[in-house]
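Chemist: If you scroll down you'll find the structure; I have some questions about it.
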Amino acid sequence: MIDSFLLIGLPYAALFLCVIGTILRVNYYGYSVTSHSSQFLESKKLFWGSRLFHSGIVVLLIGHIVGFLIPKTIIFLTATPLWLLVIEITAFAFGILSFVGILLLIIRRVQVKRLHSVTSKMDLVVYTVIAFQILTGLTIAYFHRWGTAWYASALVPYLRSIFIFSPDTAVITTMPLMIKLHVISAFVFIGLIPFSRLIHFVAYPVRYLWRNVQLVIWNRDLKASRASREKRMGIKPKNN
Amino acid sequence: MDIRSQIAMVFHLDKCIGCHTCSVACKNIWTDRKGAEYMWWNNVETKPGTGYPTKWEDQSIYKGGWVKNGDKLELRVAGKPTGLTKLFHNPDMPVMDDYYEPWVYDYDHLFEAPAGDDQPSARAISLVTGEPMDIKGGPNWDDDLSGTPDYGRQDVNLRNLTAEDQEAMFQLERMTMQYLPRMCNHCLNPTCVAACPSGAVYKRGEDGVVLISQDKCRGWRLCVTACPYKKTYYNWTSGKSEKCVLCYPRLESGQAPACMHSCVGRIRYLGVLLYDADKIKEFASAPEDQLIDRQLDIYLNPFDEKVIREAKKNGIADSTIEAAQKSPVYKFVKEWRIALPLHAEFRTLPSLFYVPPMLPVMGKMTDGIYESNTENLWGKIEDSRVPMQYMANLFSAGNEEKIREVMRKLMAVRYHRRQVTVNDIDDELIQHAYKSTGLTPDIADAIYRLTSLVKYDERFVIPAAHREEAIEMIESTDDRKGSSGFNENKGYKRVF
Ligand code: HEM
Ligand code: SF4
Ligand code: SF4
């Protein structure tokens with residue numbers, strides 16, 4: 001009962017909240033979407049904290065997504081001991097990076113007085129969830145070896161079963177507690193995205209890469225308006 | 001040819017009295033809010049000095065503006081794609097201590113303090129932490145040359161002056177200063193726009209005002225670093241960047257921006273310049289010694305038939321063209337060429353021009369007496385109190401000859417007016433002044449008039465914003481009819 005609540009109910013609730021919440025927040029509450037950077041108030045400590053944390057967490061996140069998308073390739077790769085070792089050590093290293101990073105960030109938040117005025121209660125929740133998530137991740141990596149291999153073969157099927165709406169918890173319920181905790185806290189994390197500062201990475205501005213260097217926005221497309229034979233005047237330029 | 005219209009400005013520095021009325025007018029309207037207390041969209045600096053934020057002109061610290069890399073123009077901070085890697089932590093961004101920590105005084109304590117032996121005092125309370133603080137600096141810490149050893153001597157514009165010239169600027173007998181009111185330049189080639197990865201910073205097509213969409217800004221802060229004038233600011237509470245909006249709601253209703261309207265010295269002018277947007281890239285990457293001339297080339301003559309035709313083809317309203325013809329900015333910048341952009345070497349093509357001040361140049365002392373004889377017409381400029389190189393570093397990308405040209409014209413106007421009012425100058429000298437500057441008595445009178453006599457309507461020639469057409473693009477005017485005229489017409493619709 002408790003298993004199906006935490007491993008089926010919670011994931012669906014989290015994913016639903018995440019998708020709907022993100023769409024609504026970005027489209028209707030754009031003003032609230034920001035990195036909430038605190039660099040202006042404190043820069044030196046942020047350098048180490050933010051750089052270490054982000055380089056670690058972004059790589060790990062991408063790793064989890066890749067494993068989820070192409071499990072067969074990962075299973076194939078990790079069948080070779082050398083590859084398994086390389087992938088495992090890399091992942092562990094980035095885990096350490098992000099853990100040191102989040103610790104530095106938390107210490108900075110506490111130490112620097114100026115930051116107190118820009119710290120919300122939700123920020124504290126976010127720190128807790130992320131620290132817990134990384135800590136369980138590292139524990140699993142150390143005590144339940146070769147996670148890159150069994151993640152792809154045993155856990156991904158469960159995750160996929162959630163996404164195709166026929167949840168199958170047969171394998172995961174037999175897994176060690178630590179792994180269950182990691183999965184559950186991951187869904188808590190996902191559910192939090194639209195309701196916390198975590199929304200900031202959804203807004204990662206990749207479009208910058210192909211947009212014009214300069215951006216000019218017209219209220220109305222003057223030329224098109226004048227040439228237009230429409231009864232209703234005024235043509236909105238594409239970028240407005 | 002792609003003709004656009006730009007609202008441009010001229011500040012006549014000889015008239016600035018350093019009263020900060022402009023800054024206060026702006027603060028009261030726009031930045032008197034939490035997170036924005038430290039922002040001065042308009043500020044007035046004393047030169048020589050380090051300014052606000054401290055040493056903003058030193059791009060080896062702040063990495064603002066464009067640099068030429070071969071033929072290409074690149075952002076100094078990081079454009080595509082490197083900009084995207086600086087989001088987590090941007091090492092070149094100014095932080096609060098480079099501006100100042102905002103504070104209030106605990107005035108209540110003066111009234112509420114219990115009786116005691118000492119007078120109560122109002123302590124400074126930080127607006128960030130809410131706790132008592134020691135004030136270490138403020139937006140005008142070096143006003144009127146205070147703290148010159150720490151500030152004036154650190155002025156970045158002294159870098160290529162000879163040691164002798166530098167020393168001369170700080171001798172008590174020769175000490176000079178001038179005010180430099182600054183605000184966003186609403187550049188034609190803005191780095192703040194180019195550096196914003198979210199596409200939140202944009203230039204308005206109709207009048208060239210540069211704005212930041214508060215809905216689209218994601219707090220990546222690259223505009224703060226990229227603007228070489230440090231005129232975008234990060235709001236530390238809202239997590240969004242903000243900048244001067246050129247009082248666009250006032251402009252749209254035909255009023256001058258608050259800083260200009262309130263200017264006590266009446267140093268400020270505002271008007272339309274027509275320019276050719278196709279030329280921005282080419283002219284912004286001109287060799288350094290040609291930058292000033294090339295920038296002036298980009299602005300077009302609003303009386304030229306061809307320009308008018310092309311402008312109309314581009315949809316520029318007749319009223320805007322008419323405003324361009326009456327523009328005081330066009331006269332100062334193009335016709336008379338006595339106004340120059342600040343730090344053209346940043347290559348953003350700023351739309352704010354300065355008439356450099358004569359007073360610190362002229363006021364030289366010989367034997368303790370101010371020199372005021374008129375025998376040697378240009379002598380005073382050549383051995384002026386302020387090294388010309390210093391003025392050139394500010395206003396002509398280091399090109400001394402350009403600044404001298406302007407100074408000679410300004411001087412010629414003065415001689416002309418002295419001739420008219422006192423009539424004690426040798427005619428030969430006057431003729432020489434006209435000839436070598438290209439001025440005529442009529443032009444000199446026109447400069448004199450626009451400098452010192454004209455009223456509001458001639459200092460600010462604001463084109464109609466044509467809101468009526470702008471509305472037609474959002475909704476049909478038929479729908480608008482009968483609505484309240486405010487609140488985006490959303491109020492009366494039933495949602496469910
Ligand atoms: C993908 C691209 C990402 C970008 C561009 C990005 C960018 C940023 C920026 C600019 C800040 C503000 C730092 C400052 O104070 O100046 C920040 C903070 C933060 N980010 Fe990210 N981030 C990304 C991904 C992530 C991910 C995947 C996570 C979590 C799983 C995350 C968690 C956080 C947290 C917890 C903070 C707060 C740090 C603090 O102020 O103590 N970020 N991020
Ligand atoms: S001066 Fe204004 S328009 Fe120019 S780069 Fe700076 S903020 Fe942008
Ligand atoms: S209000 Fe005018 S005179 Fe006074 S400081 Fe500002 S620009 Fe100068």
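By order of appearance in the structure tokens: chains A, B, ..., then residues from 1 within every chain, and ligands from 1 in the order shown.
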How close does each residue of chain A get to chain B, giving the shortest atom pair and distance in Å to one decimal for every residue with an atom at most 8 Å away, counting only C-alpha atoms, sorted by chain and residue number, as a tab-separated table?
Modeler:
```
residue	atom	partner	partner_atom	distance
A:Tyr29	CA	B:Asp215	CA	7.7
A:Gly30	CA	B:Asp215	CA	4.7
A:Tyr31	CA	B:Asp215	CA	4.1
A:Ser32	CA	B:Asp215	CA	7.6
A:Val33	CA	B:Arg218	CA	6.0
A:Thr34	CA	B:Arg218	CA	4.0
A:Ser35	CA	B:Gly219	CA	5.3
A:His36	CA	B:Gly239	CA	4.5
A:Ser37	CA	B:Gly239	CA	6.2
A:Ser38	CA	B:Trp236	CA	6.9
A:Gln39	CA	B:Val95	CA	7.1
A:Phe40	CA	B:Val95	CA	4.5
A:Leu41	CA	B:Met96	CA	5.7
A:Glu42	CA	B:Val95	CA	7.2
A:Ser43	CA	B:Val95	CA	7.1
A:Leu46	CA	B:His89	CA	7.1
A:Phe47	CA	B:His89	CA	5.8
A:Ser50	CA	B:Phe88	CA	6.0
A:Arg51	CA	B:Phe88	CA	6.2
A:His54	CA	B:Phe88	CA	7.1
A:Lys113	CA	B:Thr129	CA	6.4
A:Arg114	CA	B:Thr129	CA	5.3
A:His116	CA	B:Thr129	CA	7.4
A:Ser117	CA	B:Thr129	CA	6.3
A:Val118	CA	B:Thr237	CA	6.4
A:His200	CA	B:Arg218	CA	7.5
A:Ala203	CA	B:Arg218	CA	7.4
A:Pro205	CA	B:Ser198	CA	5.4
A:Val206	CA	B:Pro197	CA	7.8
A:Arg207	CA	B:Pro197	CA	7.7
A:Tyr208	CA	B:Pro197	CA	5.0
A:Leu209	CA	B:Lys80	CA	6.0
A:Val213	CA	B:Ala194	CA	5.0
A:Gln214	CA	B:Ala194	CA	5.2
A:Leu215	CA	B:Tyr202	CA	5.2
A:Val216	CA	B:Lys203	CA	4.7
A:Ile217	CA	B:Arg204	CA	5.2
A:Trp218	CA	B:Gly205	CA	4.5
A:Asn219	CA	B:Ala470	CA	5.9
A:Arg220	CA	B:Met473	CA	6.0
A:Leu222	CA	B:Gly315	CA	5.0
A:Lys223	CA	B:Gly315	CA	5.5
A:Arg226	CA	B:Gly315	CA	7.4
A:Arg232	CA	B:Ser476	CA	6.7
A:Met233	CA	B:Glu472	CA	6.2
A:Gly234	CA	B:Met473	CA	4.4
A:Ile235	CA	B:Met473	CA	5.7
A:Lys236	CA	B:Met473	CA	5.8
```
Chemist: Using only C-alpha atoms and all ligand atoms, which protein or nucleic acid residues are at most 12 Å from ligand 3, as a ChimeraX atom specification?
Modeler: /B:9-26,42-46,140,143-144,178-183,257-269,354
Chemist: Go through A:Leu97, A:Leu135, A:Leu24, A:Ile199 one by one, measure the shortest atom-to-atom distance of each to ligand 1 using only C-alpha atoms and all ligand atoms, and give the residue with the smallest value.
Modeler: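 Counting only C-alpha atoms and all ligand atoms, the residue closest to ligand 1 is A:Ile199.
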Chemist: Residues within 7 Å of ligand 2, counting only C-alpha atoms and all ligand atoms: report them as a ChimeraX atom specification.
Modeler: /B:184-187,190-193,210,226-232,243,348,350
Chemist: Show which residues sit within 7 Å of stretch 56-61 of chain A, as a PyMOL selection string. Count only C-alpha atoms, and ignore same-chain residues fewer than 2 positions away.
Modeler: chain A and resi 52-54+63-65+91+94-95+97-98
Chemist: Looking at only C-alpha atoms and all ligand atoms, which of A:Val26, A:Leu159, A:Ala186, A:Val171 is the one that sits closest to ligand 1?
Modeler: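 Of all the options, A:Ala186 lies closest to ligand 1.
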Chemist: Based on DSSP run over this structure's backbone, return all residues of stretch 209-404 of chain B in helix (DSSP H, G or I), as an MDAnalysis selection string.
Modeler: chainID B and resid 222:226 248:252 258:261 277:284 288:298 305:313 318:325 328:335 344:346 359:362 379:382 388:395 400:404
Chemist: With a distance cut-off of 9 Å and only C-alpha atoms, select the neighbouring residues of A:Met122, excluding the residue or stretch itself and same-chain residues fewer than 6 positions from it, and output the selection as a tab-separated table (two decimals) with N, CA, C and O atoms, in the first residue's frame.
Modeler:
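The new file around_4.tsv reads:
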```
chain	number	residue	atom	x	y	z
A	195	PHE	N	7.50	25.06	-8.51
A	195	PHE	CA	7.10	25.82	-7.32
A	195	PHE	C	8.29	26.38	-6.55
A	195	PHE	O	8.15	26.81	-5.41
A	196	SER	N	9.44	26.34	-7.16
A	196	SER	CA	10.63	26.81	-6.45
A	196	SER	C	11.57	27.49	-7.45
A	196	SER	O	11.25	27.63	-8.61
A	197	ARG	N	12.76	27.85	-6.96
A	197	ARG	CA	13.75	28.45	-7.85
A	197	ARG	C	14.28	27.46	-8.87
A	197	ARG	O	14.96	27.83	-9.82
```
Chemist: For ligand 1, which residue out of A:Ala79, A:Ile184, A:Val129, A:Cys18 is the nearest one, using only C-alpha atoms and all ligand atoms?
Modeler: A:Val129
Chemist: For A:Ile162, list every protein, DNA or RNA residue within 8 Å, evaluated using only C-alpha atoms, and leave out those in the same chain fewer than 3 positions away; present the list as a list in words.
Modeler: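 Listed by chain and then number, they are Ile8, Pro11, Tyr12, Tyr158, Leu159, Phe165, Ser166, Pro167 and Asp168 of chain A.
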Chemist: Would you list the contacts of stretch 285-289 of chain B as a list in words, taking every protein, DNA or RNA residue within 9 Å and counting only C-alpha atoms, but skipping same-chain residues closer than 2 positions in sequence?
Modeler: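 With the cut-off at 9 Å, the set is Trp66, Val67, Lys68, Asp71, Lys72, Leu73, Ile280, Lys281, Glu282, Phe283, Leu291, Ile292, Asp293, Arg294, Gln295, Ala344, Glu345, Arg347, Ser396, Ala397, Gly398 and Asn399 of chain B.
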Chemist: Write out the residues from the selection above, keeping N, CA, C and O atoms, as a PDB file, in the first residue's frame.
Modeler:
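Wrote selection01.pdb, looks like this:
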```pdb
ATOM      1  N   TRP B  66      32.310  46.367 -26.950  1.00  0.00           N
ATOM      2  CA  TRP B  66      32.726  45.513 -28.062  1.00  0.00           C
ATOM      3  C   TRP B  66      34.236  45.582 -28.218  1.00  0.00           C
ATOM      4  O   TRP B  66      34.842  46.595 -27.898  1.00  0.00           O
ATOM      5  N   VAL B  67      34.829  44.510 -28.723  1.00  0.00           N
ATOM      6  CA  VAL B  67      36.230  44.581 -29.150  1.00  0.00           C
ATOM      7  C   VAL B  67      36.318  44.133 -30.589  1.00  0.00           C
ATOM      8  O   VAL B  67      35.532  43.302 -31.043  1.00  0.00           O
ATOM      9  N   LYS B  68      37.309  44.693 -31.275  1.00  0.00           N
ATOM     10  CA  LYS B  68      37.527  44.274 -32.658  1.00  0.00           C
ATOM     11  C   LYS B  68      38.481  43.104 -32.654  1.00  0.00           C
ATOM     12  O   LYS B  68      39.558  43.168 -32.101  1.00  0.00           O
ATOM     13  N   ASP B  71      38.465  41.530 -38.397  1.00  0.00           N
ATOM     14  CA  ASP B  71      37.375  42.316 -38.972  1.00  0.00           C
ATOM     15  C   ASP B  71      36.109  42.216 -38.143  1.00  0.00           C
ATOM     16  O   ASP B  71      35.173  42.985 -38.330  1.00  0.00           O
ATOM     17  N   LYS B  72      36.099  41.219 -37.265  1.00  0.00           N
ATOM     18  CA  LYS B  72      34.850  40.955 -36.555  1.00  0.00           C
ATOM     19  C   LYS B  72      34.730  41.787 -35.280  1.00  0.00           C
ATOM     20  O   LYS B  72      35.703  42.130 -34.642  1.00  0.00           O
ATOM     21  N   LEU B  73      33.482  42.073 -34.957  1.00  0.00           N
ATOM     22  CA  LEU B  73      33.198  42.798 -33.727  1.00  0.00           C
ATOM     23  C   LEU B  73      32.664  41.785 -32.728  1.00  0.00           C
ATOM     24  O   LEU B  73      31.706  41.080 -33.005  1.00  0.00           O
ATOM     25  N   ILE B 280      25.180  50.045 -39.411  1.00  0.00           N
ATOM     26  CA  ILE B 280      25.609  49.932 -38.012  1.00  0.00           C
ATOM     27  C   ILE B 280      26.875  49.092 -37.874  1.00  0.00           C
ATOM     28  O   ILE B 280      27.864  49.510 -37.283  1.00  0.00           O
ATOM     29  N   LYS B 281      26.851  47.914 -38.489  1.00  0.00           N
ATOM     30  CA  LYS B 281      27.959  46.982 -38.318  1.00  0.00           C
ATOM     31  C   LYS B 281      29.254  47.590 -38.847  1.00  0.00           C
ATOM     32  O   LYS B 281      30.286  47.594 -38.174  1.00  0.00           O
ATOM     33  N   GLU B 282      29.161  48.130 -40.067  1.00  0.00           N
ATOM     34  CA  GLU B 282      30.358  48.682 -40.699  1.00  0.00           C
ATOM     35  C   GLU B 282      30.944  49.828 -39.869  1.00  0.00           C
ATOM     36  O   GLU B 282      32.144  49.868 -39.605  1.00  0.00           O
ATOM     37  N   PHE B 283      30.070  50.742 -39.448  1.00  0.00           N
ATOM     38  CA  PHE B 283      30.581  51.927 -38.769  1.00  0.00           C
ATOM     39  C   PHE B 283      31.034  51.636 -37.344  1.00  0.00           C
ATOM     40  O   PHE B 283      31.959  52.265 -36.842  1.00  0.00           O
ATOM     41  N   LEU B 291      36.454  56.533 -35.567  1.00  0.00           N
ATOM     42  CA  LEU B 291      35.170  56.174 -34.961  1.00  0.00           C
ATOM     43  C   LEU B 291      34.192  57.342 -34.866  1.00  0.00           C
ATOM     44  O   LEU B 291      33.015  57.213 -35.199  1.00  0.00           O
ATOM     45  N   ILE B 292      34.691  58.498 -34.419  1.00  0.00           N
ATOM     46  CA  ILE B 292      33.813  59.636 -34.238  1.00  0.00           C
ATOM     47  C   ILE B 292      33.205  60.046 -35.570  1.00  0.00           C
ATOM     48  O   ILE B 292      31.984  60.180 -35.708  1.00  0.00           O
ATOM     49  N   ASP B 293      34.057  60.205 -36.586  1.00  0.00           N
ATOM     50  CA  ASP B 293      33.548  60.637 -37.893  1.00  0.00           C
ATOM     51  C   ASP B 293      32.562  59.638 -38.464  1.00  0.00           C
ATOM     52  O   ASP B 293      31.528  60.006 -39.004  1.00  0.00           O
ATOM     53  N   ARG B 294      32.891  58.361 -38.328  1.00  0.00           N
ATOM     54  CA  ARG B 294      31.991  57.360 -38.902  1.00  0.00           C
ATOM     55  C   ARG B 294      30.666  57.352 -38.163  1.00  0.00           C
ATOM     56  O   ARG B 294      29.612  57.214 -38.766  1.00  0.00           O
ATOM     57  N   GLN B 295      30.695  57.503 -36.856  1.00  0.00           N
ATOM     58  CA  GLN B 295      29.416  57.506 -36.148  1.00  0.00           C
ATOM     59  C   GLN B 295      28.563  58.686 -36.618  1.00  0.00           C
ATOM     60  O   GLN B 295      27.366  58.551 -36.844  1.00  0.00           O
ATOM     61  N   ALA B 344      33.532  56.722 -27.315  1.00  0.00           N
ATOM     62  CA  ALA B 344      33.143  56.071 -28.564  1.00  0.00           C
ATOM     63  C   ALA B 344      33.894  54.762 -28.769  1.00  0.00           C
ATOM     64  O   ALA B 344      33.435  53.888 -29.502  1.00  0.00           O
ATOM     65  N   GLU B 345      35.041  54.609 -28.096  1.00  0.00           N
ATOM     66  CA  GLU B 345      35.844  53.395 -28.313  1.00  0.00           C
ATOM     67  C   GLU B 345      35.162  52.137 -27.790  1.00  0.00           C
ATOM     68  O   GLU B 345      35.593  51.029 -28.085  1.00  0.00           O
ATOM     69  N   ARG B 347      32.340  51.324 -28.848  1.00  0.00           N
ATOM     70  CA  ARG B 347      31.734  50.883 -30.113  1.00  0.00           C
ATOM     71  C   ARG B 347      30.263  50.493 -30.016  1.00  0.00           C
ATOM     72  O   ARG B 347      29.784  49.630 -30.731  1.00  0.00           O
ATOM     73  N   SER B 396      36.439  61.752 -27.357  1.00  0.00           N
ATOM     74  CA  SER B 396      36.714  61.530 -28.778  1.00  0.00           C
ATOM     75  C   SER B 396      37.622  60.331 -28.987  1.00  0.00           C
ATOM     76  O   SER B 396      38.471  60.342 -29.867  1.00  0.00           O
ATOM     77  N   ALA B 397      37.426  59.296 -28.200  1.00  0.00           N
ATOM     78  CA  ALA B 397      38.184  58.062 -28.354  1.00  0.00           C
ATOM     79  C   ALA B 397      39.687  58.339 -28.409  1.00  0.00           C
ATOM     80  O   ALA B 397      40.430  57.694 -29.151  1.00  0.00           O
ATOM     81  N   GLY B 398      40.153  59.331 -27.667  1.00  0.00           N
ATOM     82  CA  GLY B 398      41.581  59.610 -27.583  1.00  0.00           C
ATOM     83  C   GLY B 398      42.121  60.547 -28.656  1.00  0.00           C
ATOM     84  O   GLY B 398      43.285  60.920 -28.626  1.00  0.00           O
ATOM     85  N   ASN B 399      41.258  60.937 -29.596  1.00  0.00           N
ATOM     86  CA  ASN B 399      41.706  61.772 -30.704  1.00  0.00           C
ATOM     87  C   ASN B 399      41.679  63.252 -30.298  1.00  0.00           C
ATOM     88  O   ASN B 399      40.643  63.901 -30.286  1.00  0.00           O
TER      89      ASN B 399
END
```
Chemist: Nearest to ligand 1: which of A:Leu198, A:Ala93, A:Val66, A:Ala131 is it, counting only C-alpha atoms and all ligand atoms?
Modeler: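 Of all the options, A:Leu198 lies closest to ligand 1.
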Chemist: Can you tell me how far atom CA of B:Phe170 sits from atom CA of B:Glu405, in Å to one decimal?
Modeler: 25.8 Å
Chemist: Pick out the residues sitting within 8 Å of B:Leu439, and hand them over as a list in words; count only C-alpha atoms, and ignore anything fewer than 6 positions along from it in its own chain.
Modeler: Lys409, Ala412 and Ala433 of chain B
Chemist: Write to file, as a short mmCIF file (atom, residue, chain, number, x, y, z; two decimals), in the first residue's frame, the residues of the selection just made, with N, CA and C atoms.
Modeler:
```
data_model
loop_
_atom_site.label_atom_id
_atom_site.label_comp_id
_atom_site.auth_asym_id
_atom_site.auth_seq_id
_atom_site.Cartn_x
_atom_site.Cartn_y
_atom_site.Cartn_z
N LYS B 409 35.50 75.96 -31.93
CA LYS B 409 34.18 76.48 -32.31
C LYS B 409 33.49 77.14 -31.13
N ALA B 412 35.02 80.38 -30.58
CA ALA B 412 34.65 81.35 -31.61
C ALA B 412 33.28 81.95 -31.31
N ALA B 433 38.84 83.70 -36.58
CA ALA B 433 38.07 82.69 -35.84
C ALA B 433 36.99 82.07 -36.73
#
```
